[in-house]
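Okay, target.cif is below, mmCIF, C-alpha atoms:
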data_protein
loop_
_atom_site.group_PDB
_atom_site.id
_atom_site.type_symbol
_atom_site.label_atom_id
_atom_site.label_comp_id
_atom_site.auth_asym_id
_atom_site.auth_seq_id
_atom_site.Cartn_x
_atom_site.Cartn_y
_atom_site.Cartn_z
ATOM 1 C CA MET A 1 0.000 0.000 0.000
ATOM 2 C CA PRO A 2 1.486 3.364 -1.032
ATOM 3 C CA PRO A 3 2.132 5.943 1.680
ATOM 4 C CA PRO A 4 -0.360 8.842 1.932
ATOM 5 C CA ALA A 5 2.219 11.323 0.611
ATOM 6 C CA ALA A 6 2.666 9.259 -2.567
ATOM 7 C CA LYS A 7 -1.094 9.120 -3.081
ATOM 8 C CA SER A 8 -1.402 12.864 -2.559
ATOM 9 C CA LEU A 9 1.418 13.605 -5.004
ATOM 10 C CA ALA A 10 -0.104 11.222 -7.543
ATOM 11 C CA ARG A 11 -3.475 12.997 -7.347
ATOM 12 C CA ARG A 12 -1.811 16.420 -7.608
ATOM 13 C CA ILE A 13 0.210 15.550 -10.713
ATOM 14 C CA ARG A 14 -2.814 13.992 -12.394
ATOM 15 C CA ALA A 15 -5.003 17.007 -11.556
ATOM 16 C CA LEU A 16 -2.420 19.471 -12.898
ATOM 17 C CA ARG A 17 -2.030 17.416 -16.067
ATOM 18 C CA MET A 18 -5.758 17.168 -16.628
ATOM 19 C CA LYS A 19 -6.225 20.884 -15.917
ATOM 20 C CA ARG A 20 -4.013 21.516 -18.947
ATOM 21 C CA GLY A 21 -5.917 18.976 -21.007
ATOM 22 C CA TRP A 22 -2.762 16.931 -21.503
ATOM 23 C CA SER A 23 -2.512 13.190 -21.930
ATOM 24 C CA GLN A 24 0.011 11.215 -19.934
ATOM 25 C CA GLU A 25 1.981 10.884 -23.138
ATOM 26 C CA ARG A 26 2.150 14.673 -23.583
ATOM 27 C CA LEU A 27 3.263 15.360 -20.012
ATOM 28 C CA ALA A 28 5.810 12.560 -20.139
ATOM 29 C CA GLU A 29 7.230 13.966 -23.375
ATOM 30 C CA GLU A 30 7.389 17.499 -21.950
ATOM 31 C CA ALA A 31 9.109 16.203 -18.793
ATOM 32 C CA GLY A 32 11.493 13.880 -20.624
ATOM 33 C CA ILE A 33 10.280 10.720 -18.917
ATOM 34 C CA HIS A 34 8.613 7.558 -20.198
ATOM 35 C CA ARG A 35 4.815 7.492 -20.281
ATOM 36 C CA VAL A 36 4.668 4.184 -18.400
ATOM 37 C CA TYR A 37 6.842 5.675 -15.651
ATOM 38 C CA LEU A 38 4.502 8.680 -15.404
ATOM 39 C CA ALA A 39 1.526 6.333 -15.183
ATOM 40 C CA GLY A 40 3.260 4.592 -12.281
ATOM 41 C CA ILE A 41 3.759 7.943 -10.543
ATOM 42 C CA GLU A 42 0.106 8.874 -11.035
ATOM 43 C CA LEU A 43 -0.940 5.524 -9.575
ATOM 44 C CA ALA A 44 1.432 6.025 -6.603
ATOM 45 C CA GLN A 45 3.286 2.868 -7.665
ATOM 46 C CA ARG A 46 6.567 4.626 -8.454
ATOM 47 C CA ASN A 47 8.811 6.663 -6.196
ATOM 48 C CA PRO A 48 10.081 9.446 -8.485
ATOM 49 C CA SER A 49 13.514 10.950 -8.038
ATOM 50 C CA LEU A 50 13.956 14.602 -7.213
ATOM 51 C CA LYS A 51 15.204 15.176 -10.769
ATOM 52 C CA ASN A 52 12.034 13.662 -12.241
ATOM 53 C CA LEU A 53 9.874 15.730 -9.899
ATOM 54 C CA GLU A 54 11.760 18.857 -11.009
ATOM 55 C CA ASN A 55 11.196 17.890 -14.648
ATOM 56 C CA LEU A 56 7.485 17.358 -14.049
ATOM 57 C CA ALA A 57 7.117 20.683 -12.246
ATOM 58 C CA LYS A 58 8.952 22.501 -15.041
ATOM 59 C CA ALA A 59 6.827 20.812 -17.702
ATOM 60 C CA LEU A 60 3.691 21.846 -15.804
ATOM 61 C CA GLY A 61 4.963 25.417 -15.517
ATOM 62 C CA ILE A 62 5.134 25.480 -11.732
ATOM 63 C CA SER A 63 7.843 25.501 -9.085
ATOM 64 C CA LEU A 64 8.802 22.290 -7.342
ATOM 65 C CA PRO A 65 7.238 23.356 -4.010
ATOM 66 C CA LYS A 66 3.945 24.102 -5.819
ATOM 67 C CA LEU A 67 3.891 20.498 -6.998
ATOM 68 C CA PHE A 68 3.252 19.490 -3.388
ATOM 69 C CA GLU A 69 0.518 22.033 -2.616
ATOM 70 C CA ALA A 70 -3.074 20.955 -2.319
ATOM 71 C CA ASP A 71 -5.592 22.603 -4.608
#

Encoded form using structure tokens:
Amino acid sequence: MPPPAAKSLARRIRALRMKRGWSQERLAEEAGIHRVYLAGIELAQRNPSLKNLENLAKALGISLPKLFEAD
């Protein structure tokens, strides 16, 4: 069972992606990661590195700390 923080991060990334109307494939491409890896992050099955979190935040046009804020 994933920790609550992983579930929260997964929901946040998915919500930010969907807010932009992007597919997982589009966000993964923008962030320079594999789509399957992004799917694992959004399902809280993967533990992304700090570098990958930075890449996701940059692709989403937000700062890294904002990636962890609740809506």

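The smallest atom-to-atom distance between Ser23 of chain A and any of A:Leu38, A:Ala10, A:Pro3, A:Ala70, using only C-alpha atoms, is found for A:Leu38.
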
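Across the structure, atom CA of Val36 of chain A and atom CA of Pro65 of chain A are spaced 24.1 Å apart.
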
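Pairwise distance (atom CA of Asn47 of chain A, atom CA of Leu27 of chain A) equals 17.2 Å.
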
Find the residues near Ala31 of chain A: any atom within 12 Å, counting only C-alpha atoms, skip ones fewer than 6 places away on the same chain, and give them as a PyMOL selection string.
chain A and resi 17+24-25+37-38+51-61

Draw an axis-aligned box over all listed atoms of segment 40-55 of chain A, pad each side with 4 Å, and write its centre and edge lengths in Å, one decimal, as lines of an AutoDock Vina configuration file.
center_x = 7.1
center_y = 10.9
center_z = -10.4
size_x = 24.1
size_y = 24.0
size_z = 16.5

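All residues that come within 9 Å of the coordinates (-2.8, 15.3, -6.1), counting only C-alpha atoms, are given as Ala6, Lys7, Ser8, Leu9, Ala10, Arg11, Arg12, Ile13, Arg14, Ala15, Leu16, Glu42, Leu67, Phe68, Glu69, Ala70 and Asp71 of chain A.
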
Atomic separation - atom CA of Met1 of chain A relative to atom CA of Gly32 of chain A, Å
27.4 Å

Rebuild segment 30-48 of chain A so that it carries N, CA and C atoms, then output the result as a short mmCIF file (atom, residue, chain, number, x, y, z; two decimals), keeping the file's coordinate frame.
data_model
loop_
_atom_site.label_atom_id
_atom_site.label_comp_id
_atom_site.auth_asym_id
_atom_site.auth_seq_id
_atom_site.Cartn_x
_atom_site.Cartn_y
_atom_site.Cartn_z
N GLU A 30 6.95 16.18 -22.40
CA GLU A 30 7.39 17.50 -21.95
C GLU A 30 8.41 17.40 -20.81
N ALA A 31 8.24 16.39 -19.95
CA ALA A 31 9.11 16.20 -18.79
C ALA A 31 10.33 15.33 -19.10
N GLY A 32 10.35 14.73 -20.27
CA GLY A 32 11.49 13.88 -20.62
C GLY A 32 11.53 12.56 -19.89
N ILE A 33 10.35 12.03 -19.57
CA ILE A 33 10.28 10.72 -18.92
C ILE A 33 9.39 9.81 -19.75
N HIS A 34 9.42 8.53 -19.46
CA HIS A 34 8.61 7.56 -20.20
C HIS A 34 7.16 7.61 -19.71
N ARG A 35 6.23 7.44 -20.62
CA ARG A 35 4.82 7.49 -20.28
C ARG A 35 4.43 6.43 -19.25
N VAL A 36 4.98 5.26 -19.35
CA VAL A 36 4.67 4.18 -18.40
C VAL A 36 5.16 4.56 -17.00
N TYR A 37 6.31 5.21 -16.94
CA TYR A 37 6.84 5.68 -15.65
C TYR A 37 5.92 6.73 -15.05
N LEU A 38 5.44 7.67 -15.88
CA LEU A 38 4.50 8.68 -15.40
C LEU A 38 3.22 8.03 -14.91
N ALA A 39 2.73 7.04 -15.62
CA ALA A 39 1.53 6.33 -15.18
C ALA A 39 1.75 5.72 -13.80
N GLY A 40 2.93 5.16 -13.58
CA GLY A 40 3.26 4.59 -12.28
C GLY A 40 3.28 5.64 -11.18
N ILE A 41 3.76 6.84 -11.52
CA ILE A 41 3.76 7.94 -10.54
C ILE A 41 2.32 8.34 -10.22
N GLU A 42 1.50 8.47 -11.24
CA GLU A 42 0.11 8.87 -11.04
C GLU A 42 -0.72 7.82 -10.31
N LEU A 43 -0.26 6.60 -10.32
CA LEU A 43 -0.94 5.52 -9.57
C LEU A 43 -0.30 5.29 -8.21
N ALA A 44 0.69 6.13 -7.86
CA ALA A 44 1.43 6.02 -6.60
C ALA A 44 2.15 4.68 -6.49
N GLN A 45 2.54 4.13 -7.64
CA GLN A 45 3.29 2.87 -7.66
C GLN A 45 4.78 3.08 -7.85
N ARG A 46 5.16 4.28 -8.24
CA ARG A 46 6.57 4.63 -8.45
C ARG A 46 6.98 5.70 -7.47
N ASN A 47 8.24 5.67 -7.09
CA ASN A 47 8.81 6.66 -6.20
C ASN A 47 9.76 7.53 -7.03
N PRO A 48 9.26 8.66 -7.56
CA PRO A 48 10.08 9.45 -8.48
C PRO A 48 11.25 10.13 -7.80
#
